[in-house]
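Peer 1: First the structure, which I've put down as structure tokens, then a few questions once you've had a look.
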Amino acid sequence: MSTYEKKTLWRIYIAGGIFILLLPVHFRDTMYSLTGFSLFASPVLAKLELPLALLSYAVIGLDVLWDAVQNILRGQVFDENFLMAIATVGAFFLGEYAEGVAVMLFYQVGELFQSYAVSKSRRSIAEAMDIRPDYANVLRDGVTTQVDPEEVAVGELIVVKPGERIPLDGVVTNGHSSLDTSALTGEAAPKDVAPGDSIISGCINQSGVLTIEVLREFSQSTVAKVLELVETASDKKSRSERFITRFARYYTPSVVSAAFLLAILPPLLAGQPWTLWIERALTFLVISCPCALVISVPLSFFGGIGGASNIGVLVKGSNYLEQLAQAEQVVFDKTGTLTKGSFTVTEIHATEGDKERLLTLAAHAESGSNHPIAASILSAYGQLVDSARIGGIEELPGFGIRAEIDGHTVLAGNAKLMAQQNIAFTPVQTTGTAVYVAVDGTYAGHILLVDLPKKDAKQAISDLKSTGIRQTVMLTGDSRAVGEQVAAELGLDRVCTELLPADKVDWVEKLMAENKGVLAFVGDGINDAPVLARADVGIAMGGLGSDAAIEAADVVIMTDEPSKIAAAIKISRKTLRIVKQNIVFALGVKGVVLLLGAIGMANMWGAVFADVGVSVLAILNAMRTLNVKSFLKTA
Amino acid sequence: MKKNIKLKGLDCANCAAKIERAVSKIKEVTDCRVNFMTQRMVLEAPDDQFDTILQAAQKAAKKVHADLVFVV
């Protein structure tokens with residue numbers, strides 16, 4: 001609580017205390033008929049009511065009156081201070097002392113609660129996104145000095161001890177450790193790092209001391225980008241937010257004008273008593289404040305964005321959160337999004353049965369290549385290549401590799417290579433990429449590599465279906481056989497294969513024309529930036545360390561898990577549901593109380609509830625958006 | 001030039017909307033967005049007049065909300 005809030009709280013205590021004393025005085029007739037104590041009939045008690053009410057009012061309401069006067073002098077008429085001042089002062093003039101105090105008291109309670117709730121949710125979101133490093137230990141001339149991360153230049157070495165936050169993006173030059181990436185990704189499992197690994201800022205070093213060569217200055221680092229993104233996210237306003245601010249603009253003047261008409265028309269035209277209609281008009285003024293609505297809608301969106309960032313989903317604007325909630329089609333890129341984007345050796349077939357030898361030969365032959373397939377074969381081999389065994393390597397672009405290993409001529413490559421060299425071989429029928437190996441002109445077998453789907457890819461698709469997404473589509477540049485097999489395995493509704501990058505944009509446009517609902521495209525952000533931009537909502541996967549993805553997409557999923565998409569959609573829907581509830585509830589209650597007030601069925605007390613009570617309830621409801629843990633578990 | 005200004009003491013959402021409207025009305029301002037939740041204003045205006053515009057914006061904002069403090 002701020003000092004201002006504390007001061008207000010004390011004023012509420014004091015004024016509230018006096019108000020409690022005032023109550024039996026105010027309801028003395030009822031009390032007398034209930035209890036029969038003659039004290040309640042005493043005329044002295046009647047004289048006490050006004051002084052008690054004024055005292056309580058002075059404690060709680062003078063600043064509001066003062067602000068109202070100042071605002072009028074500055075030309076701001078219809079602000080809430082003015083409305084409250086008129087309503088309460090009016091109540092006093094009508095002799096409704098207790099009502100006047102009550103309205104002001106509850107108004108202040110509501111304001112205090114609002115300011116407390118807003119700063120609390122501000123803080124809890126800020127805490128969740130508290131990834132800003134305070135300092136960096138930079139190694140200069142053999143001495144480590146603690147400096148601001150912004151002062152470290154690219155190429156300098158920094159030292160990060162266990163328990164410290166990685167201040168800048170870089171490459172590990174020395175040390176082994178595991179990193180806690182949860183602040184960025186929502187991921188609980190630590191990530192192991194060793195020299196040569198690139199690491200990103202914002203993670204927490206858990207076990208060992210790391211020396212890191214800085215790759216990017218602070219303003220370009222992952223931490224700075226993520227923070228910037230989350231902080232500006234709620235600048236992009238949603239339709240409901242714009243509706244509410246527009247609504248508030250007209251609501252207050254309309255209600256105030258209605259109150260004015262209500263006060264003067266019936267007495268003038270129908271000869272009704274003035275006090276009755278002025279009292280009803282004052283009830284209107286109390287309800288005329290749009291605070292509950294205006295505060296609860298952005299608070300809900302802010303909470304939803306903060307909650308999503310807690311599970312590693314960055315939403316770049318309230319408008320995207322709104323769109324996400326309405327998504328009807330989700331279109332995926334295959335490689336790197338639904339599949340791992342790297343090949344895994346799934347099968348080794350050796351004609352003579354010695355798989356070990358076949359893999360050893362292939363690994364040695366491929367050891368000079370930097371093709372992704374070579375890397376996958378080497379990682380399947382899992383041992384260090386003995387360069388003494390290699391006599392020479394020759395790359396045959398478009399075909400494969402010819403190498404001298406242990407004095408044998410080894411050919412490793414595609415079917416075209418085997419055909420070109422007139423080697424009899426059995427072509428592989430299953431889907432995947434096959435590397436054929438021949439030793440000294442004789443076919444020795446093949447290694448089959450497959451780009452496997454991610455662990456949670458299937459779950460991701462079925463989660464999306466259960467949230468009510470109408471169609472899931474996969475677009476891929478891969479062959480029809482591979483594409484259709486993956487799509488069938490994961491349960492996608494539709495698949496389009498053998499597409500060039502430009503075709504993907506065409507397909508997305510076609511799908512958008514077929515179904516007018518919101519279309520979300522999910523890609524890895526590497527070469528599908530145009531598609532991300534074209535779709536209604538562009539979602540990039542694996543945003544960590546990929547600037548292109550963070551920039552091109554509207555929603556960034558920090559981890560590599562497609563199942564987070566369904567979680568993000570659920571969060572967005574919950575947020576929108578809460579926004580809707582708040583709008584309907586606040587407008588409904590206010591509307592009903594306005595109507596009842598006009599016909600004299602609702603008094604000041606009802607109006608106070610319609611104003612402050614609704615604000616408080618709407619804020620409490622809005623705070624629910626922050627609670628997203630349940631979505632992570634089911635995801 | 002685009003500047004990110006912290007609005008200390010911005011405690012009412014309706015005021016945020018009013019300030020945004022008032023500042024946007026200043027002729028030279030190209031873009032102004034007030035974010036109530038983060039208590040920040042993004043002000044965009046031509047470089048050469050930025051300081052005068054900033055002052056005008058402060059004045060306009062204080063007219064809506066007297067206790068506001070601009071932290072540039």
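Scheme for the structure tokens: letters A, B, ... for chains in order shown; per-chain residue numbers from 1; ligand numbers from 1 in order shown.
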Might you pull out every residue within 7 Å of A:Val64, with only C-alpha atoms counted and same-chain residues fewer than 4 positions away left off, and present them as a list in words?
Peer 2: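 Skipping anything fewer than 4 positions along the chain leaves Ala68, Asn81 and Ala85 of chain A.
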Peer 1: Save out the residues we just selected, C-alpha atoms, as a PDB file, in the first residue's frame.
Peer 2:
```pdb
ATOM      1  CA  ALA A  68     -14.416  19.008  -7.665  1.00  0.00           C
ATOM      2  CA  ASN A  81     -15.391  14.127  -7.950  1.00  0.00           C
ATOM      3  CA  ALA A  85     -19.876  16.163  -4.557  1.00  0.00           C
TER       4      ALA A  85
END
```
Peer 1: Produce a table with one row for each residue of chain B that has an atom at most 6 Å from any atom of chain A, each row naming the nearest atom pair and its distance in Å at one decimal; use only C-alpha atoms; arrange rows by chain and rising residue number; format as JSON lines.
Peer 2:
```
{"residue": "B:Ala13", "atom": "CA", "partner": "A:Ile295", "partner_atom": "CA", "distance": 5.2}
{"residue": "B:Asn14", "atom": "CA", "partner": "A:Val294", "partner_atom": "CA", "distance": 6.0}
{"residue": "B:Asn35", "atom": "CA", "partner": "A:Asp235", "partner_atom": "CA", "distance": 5.8}
```
Peer 1: Identify, on the basis of only C-alpha atoms, every residue whose closest approach to A:Glu366 does not exceed 8 Å; exclude the query and any residue fewer than 5 positions from it along the same chain; express the result as JSON, numbers by chain.
Peer 2: {"A": [374, 377, 378, 401, 412]}
Peer 1: Got a sec: who's within 9 Å of A:Val256, counting only C-alpha atoms, leaving out chain neighbours fewer than 6 positions off, as a ChimeraX atom specification?
Peer 2: /A:78,83,281,284-285,288
Peer 1: Apply DSSP to the structure's backbone, then extract all residues of stretch 20-57 of chain B labelled strand (DSSP E or B) and return them as a list in words.
Peer 2: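 Put together, the selection reads Asp31, Cys32, Arg33, Val34, Asn35, Arg40, Met41, Val42, Leu43 and Glu44 of chain B.
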Peer 1: Smallest atom-to-atom distance to A:Val614: which of A:Pro149, A:Gly588, A:Gly196, A:Gly491, using only C-alpha atoms?
Peer 2: A:Gly588
Peer 1: Given only C-alpha atoms as the basis, pick out the residue of A:Ala87, A:Ala308, A:Thr181, A:Leu321 nearest to A:Arg573.
Peer 2: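 The shortest atom-to-atom distance to A:Arg573 comes from A:Leu321.
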Peer 1: Just how far from atom CA of A:Leu358 is atom CA of A:His446, in Å to one decimal?
Peer 2: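 Computed distance, atom CA of A:His446 to atom CA of A:Leu358, equals 8.1 Å.
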Peer 1: Between atom CA of A:Asp528 and atom CA of A:Ser369, what distance in Å does the model show, to one decimal?
Peer 2: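 Computing the Euclidean distance for atom CA of A:Asp528 and atom CA of A:Ser369 yields 26.5 Å.
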Peer 1: Using only C-alpha atoms, which protein or nucleic acid residues come within 7 Å of stretch 19-30 of chain B? Drop anything in the same chain fewer than 2 positions from it, and give the result as a compact mmCIF listing (two decimals) with N, CA and C atoms, in the first residue's frame.
Peer 2:
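Output contents, as saved in out37.txt:
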```txt
# COMPACT_ATOMS: atom_id res chain seq x y z
N CYS B 15 -9.68 8.78 -16.65
CA CYS B 15 -8.77 9.90 -16.88
C CYS B 15 -7.76 9.57 -17.97
N ALA B 16 -7.30 8.32 -17.98
CA ALA B 16 -6.32 7.91 -19.00
C ALA B 16 -6.89 8.14 -20.38
N ALA B 17 -8.15 7.74 -20.56
CA ALA B 17 -8.79 7.93 -21.86
C ALA B 17 -8.94 9.42 -22.18
N CYS B 32 -0.55 9.48 -29.93
CA CYS B 32 -0.46 9.48 -28.48
C CYS B 32 -1.31 8.33 -27.96
N ARG B 33 -0.67 7.47 -27.16
CA ARG B 33 -1.41 6.39 -26.54
C ARG B 33 -1.13 6.37 -25.05
N VAL B 34 -2.18 6.33 -24.27
CA VAL B 34 -1.99 6.27 -22.82
C VAL B 34 -2.42 4.88 -22.36
N GLU B 44 4.26 10.70 -29.81
CA GLU B 44 5.03 10.80 -31.05
C GLU B 44 4.76 12.16 -31.67
N ALA B 45 5.86 12.87 -31.99
CA ALA B 45 5.72 14.19 -32.57
C ALA B 45 7.01 14.52 -33.33
N ALA B 57 1.58 18.94 -23.95
CA ALA B 57 0.94 17.68 -23.55
C ALA B 57 0.81 17.62 -22.02
N ALA B 60 -2.01 19.82 -21.00
CA ALA B 60 -3.31 19.22 -21.32
C ALA B 60 -3.64 18.10 -20.34
N ALA B 61 -2.62 17.31 -20.00
CA ALA B 61 -2.86 16.18 -19.10
C ALA B 61 -3.19 16.67 -17.69
N VAL B 64 -6.69 17.56 -17.00
CA VAL B 64 -7.57 16.44 -16.69
C VAL B 64 -7.32 15.95 -15.27
```
Peer 1: Select from chain B everything DSSP, run on the backbone, classes as helix (DSSP H, G or I), then give the selection as a PyMOL selection string.
Peer 2: chain B and resi 13-24+47-64
Peer 1: For a test of reading the model, state the distance in Å between atom CA of A:Arg123 and atom CA of A:Gly170, rounded to one decimal.
Peer 2: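 For atom CA of A:Arg123 relative to atom CA of A:Gly170, the distance reads 29.7 Å.
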Peer 1: Name the residues in contact with stretch 589-596 of chain A at a cut-off of 10 Å, using only C-alpha atoms, excluding same-chain residues fewer than 4 positions from it; report them as a PDB file with N, CA and C atoms, in the first residue's frame.
Peer 2:
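Contents of the output file around.pdb:
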```
ATOM      1  N   VAL A 255     -26.327  10.475 -18.542  1.00  0.00           N
ATOM      2  CA  VAL A 255     -26.981  10.218 -17.265  1.00  0.00           C
ATOM      3  C   VAL A 255     -27.165  11.523 -16.486  1.00  0.00           C
ATOM      4  N   ALA A 258     -30.015  13.321 -17.967  1.00  0.00           N
ATOM      5  CA  ALA A 258     -31.255  12.650 -17.563  1.00  0.00           C
ATOM      6  C   ALA A 258     -31.608  13.036 -16.130  1.00  0.00           C
ATOM      7  N   ALA A 259     -30.571  13.100 -15.276  1.00  0.00           N
ATOM      8  CA  ALA A 259     -30.804  13.461 -13.874  1.00  0.00           C
ATOM      9  C   ALA A 259     -31.386  14.867 -13.792  1.00  0.00           C
ATOM     10  N   ARG A 280     -34.441  11.683  -6.424  1.00  0.00           N
ATOM     11  CA  ARG A 280     -34.283  10.666  -7.467  1.00  0.00           C
ATOM     12  C   ARG A 280     -33.159  11.045  -8.437  1.00  0.00           C
ATOM     13  N   ALA A 281     -33.060  12.313  -8.743  1.00  0.00           N
ATOM     14  CA  ALA A 281     -32.007  12.773  -9.649  1.00  0.00           C
ATOM     15  C   ALA A 281     -30.638  12.544  -9.042  1.00  0.00           C
ATOM     16  N   THR A 283     -29.828  10.197  -7.047  1.00  0.00           N
ATOM     17  CA  THR A 283     -29.552   8.768  -7.199  1.00  0.00           C
ATOM     18  C   THR A 283     -28.910   8.506  -8.556  1.00  0.00           C
ATOM     19  N   PHE A 284     -29.419   9.190  -9.564  1.00  0.00           N
ATOM     20  CA  PHE A 284     -28.846   9.049 -10.914  1.00  0.00           C
ATOM     21  C   PHE A 284     -27.376   9.455 -10.929  1.00  0.00           C
ATOM     22  N   LEU A 285     -27.081  10.567 -10.293  1.00  0.00           N
ATOM     23  CA  LEU A 285     -25.708  11.076 -10.335  1.00  0.00           C
ATOM     24  C   LEU A 285     -24.730  10.066  -9.747  1.00  0.00           C
ATOM     25  N   VAL A 286     -25.163   9.393  -8.661  1.00  0.00           N
ATOM     26  CA  VAL A 286     -24.272   8.431  -8.038  1.00  0.00           C
ATOM     27  C   VAL A 286     -23.941   7.294  -9.017  1.00  0.00           C
ATOM     28  N   ILE A 287     -24.916   6.936  -9.840  1.00  0.00           N
ATOM     29  CA  ILE A 287     -24.703   5.815 -10.765  1.00  0.00           C
ATOM     30  C   ILE A 287     -23.979   6.238 -12.030  1.00  0.00           C
ATOM     31  N   SER A 288     -23.870   7.542 -12.248  1.00  0.00           N
ATOM     32  CA  SER A 288     -23.406   8.002 -13.554  1.00  0.00           C
ATOM     33  C   SER A 288     -21.917   7.803 -13.800  1.00  0.00           C
ATOM     34  N   CYS A 289     -21.195   7.354 -12.783  1.00  0.00           N
ATOM     35  CA  CYS A 289     -19.756   7.218 -12.941  1.00  0.00           C
ATOM     36  C   CYS A 289     -19.431   5.922 -13.693  1.00  0.00           C
ATOM     37  N   PRO A 290     -18.637   6.007 -14.772  1.00  0.00           N
ATOM     38  CA  PRO A 290     -18.381   4.803 -15.567  1.00  0.00           C
ATOM     39  C   PRO A 290     -17.198   3.979 -15.084  1.00  0.00           C
ATOM     40  N   VAL A 584     -21.569  -6.754 -19.231  1.00  0.00           N
ATOM     41  CA  VAL A 584     -22.992  -7.035 -19.083  1.00  0.00           C
ATOM     42  C   VAL A 584     -23.444  -6.779 -17.644  1.00  0.00           C
ATOM     43  N   PHE A 585     -22.660  -7.269 -16.697  1.00  0.00           N
ATOM     44  CA  PHE A 585     -23.017  -7.120 -15.294  1.00  0.00           C
ATOM     45  C   PHE A 585     -23.083  -5.642 -14.889  1.00  0.00           C
ATOM     46  N   GLY A 600     -38.589   5.658  -8.434  1.00  0.00           N
ATOM     47  CA  GLY A 600     -38.600   5.810  -6.977  1.00  0.00           C
ATOM     48  C   GLY A 600     -38.504   4.507  -6.203  1.00  0.00           C
ATOM     49  N   MET A 601     -38.129   3.415  -6.891  1.00  0.00           N
ATOM     50  CA  MET A 601     -38.032   2.136  -6.192  1.00  0.00           C
ATOM     51  C   MET A 601     -36.638   1.882  -5.636  1.00  0.00           C
ATOM     52  N   ALA A 602     -35.634   2.628  -6.123  1.00  0.00           N
ATOM     53  CA  ALA A 602     -34.278   2.447  -5.606  1.00  0.00           C
ATOM     54  C   ALA A 602     -33.832   3.753  -4.980  1.00  0.00           C
ATOM     55  N   ASN A 603     -33.226   3.662  -3.811  1.00  0.00           N
ATOM     56  CA  ASN A 603     -32.765   4.887  -3.158  1.00  0.00           C
ATOM     57  C   ASN A 603     -31.253   5.011  -3.290  1.00  0.00           C
ATOM     58  N   MET A 604     -30.700   5.941  -2.577  1.00  0.00           N
ATOM     59  CA  MET A 604     -29.266   6.200  -2.556  1.00  0.00           C
ATOM     60  C   MET A 604     -28.454   4.922  -2.275  1.00  0.00           C
ATOM     61  N   GLY A 606     -29.140   1.808  -2.945  1.00  0.00           N
ATOM     62  CA  GLY A 606     -29.076   0.986  -4.162  1.00  0.00           C
ATOM     63  C   GLY A 606     -28.087   1.585  -5.151  1.00  0.00           C
ATOM     64  N   ALA A 607     -28.079   2.893  -5.240  1.00  0.00           N
ATOM     65  CA  ALA A 607     -27.186   3.574  -6.167  1.00  0.00           C
ATOM     66  C   ALA A 607     -25.734   3.365  -5.765  1.00  0.00           C
ATOM     67  N   VAL A 608     -25.472   3.402  -4.462  1.00  0.00           N
ATOM     68  CA  VAL A 608     -24.107   3.191  -3.998  1.00  0.00           C
ATOM     69  C   VAL A 608     -23.647   1.787  -4.376  1.00  0.00           C
ATOM     70  N   PHE A 609     -24.554   0.818  -4.217  1.00  0.00           N
ATOM     71  CA  PHE A 609     -24.163  -0.533  -4.619  1.00  0.00           C
ATOM     72  C   PHE A 609     -23.901  -0.589  -6.117  1.00  0.00           C
ATOM     73  N   ALA A 610     -24.786   0.038  -6.900  1.00  0.00           N
ATOM     74  CA  ALA A 610     -24.630  -0.006  -8.348  1.00  0.00           C
ATOM     75  C   ALA A 610     -23.308   0.617  -8.768  1.00  0.00           C
ATOM     76  N   ASP A 611     -22.828   1.564  -7.992  1.00  0.00           N
ATOM     77  CA  ASP A 611     -21.567   2.197  -8.369  1.00  0.00           C
ATOM     78  C   ASP A 611     -20.367   1.464  -7.794  1.00  0.00           C
ATOM     79  N   GLY A 613     -20.190  -1.108  -5.448  1.00  0.00           N
ATOM     80  CA  GLY A 613     -20.277  -2.562  -5.374  1.00  0.00           C
ATOM     81  C   GLY A 613     -19.935  -3.202  -6.704  1.00  0.00           C
ATOM     82  N   VAL A 614     -20.469  -2.635  -7.774  1.00  0.00           N
ATOM     83  CA  VAL A 614     -20.204  -3.183  -9.097  1.00  0.00           C
ATOM     84  C   VAL A 614     -18.730  -3.037  -9.463  1.00  0.00           C
TER      85      VAL A 614
END
```
Peer 1: Please provide as a list in words all residues within 8 Å of A:Ser177, with the sequence filter that same-chain residues fewer than 5 positions apart are discarded (counting only C-alpha atoms).
Peer 2: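 Selected residues are Asp192, Val193, Ala194, Asn205, Gln206, Ser207, Gly208, Val209 and Leu210 of chain A.
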Peer 1: Could the residues in this selection be written to a file with C-alpha atoms, as a compact mmCIF listing (two decimals), in the first residue's frame?
Peer 2:
```
# COMPACT_ATOMS: atom_id res chain seq x y z
CA ASP A 192 22.08 -28.10 -19.48
CA VAL A 193 24.75 -25.96 -21.07
CA ALA A 194 28.40 -26.56 -21.92
CA ASN A 205 22.25 -20.06 -13.68
CA GLN A 206 21.69 -22.91 -11.26
CA SER A 207 24.79 -25.00 -10.64
CA GLY A 208 28.18 -24.00 -12.05
CA VAL A 209 30.16 -20.84 -12.78
CA LEU A 210 29.90 -19.88 -16.45
```
Peer 1: Between B:Lys3, B:Lys18, B:Lys8, B:Lys62, which one has atoms that come closest to B:Phe50, using only C-alpha atoms?
Peer 2: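 Under the stated criterion, the closest residue is B:Lys3.
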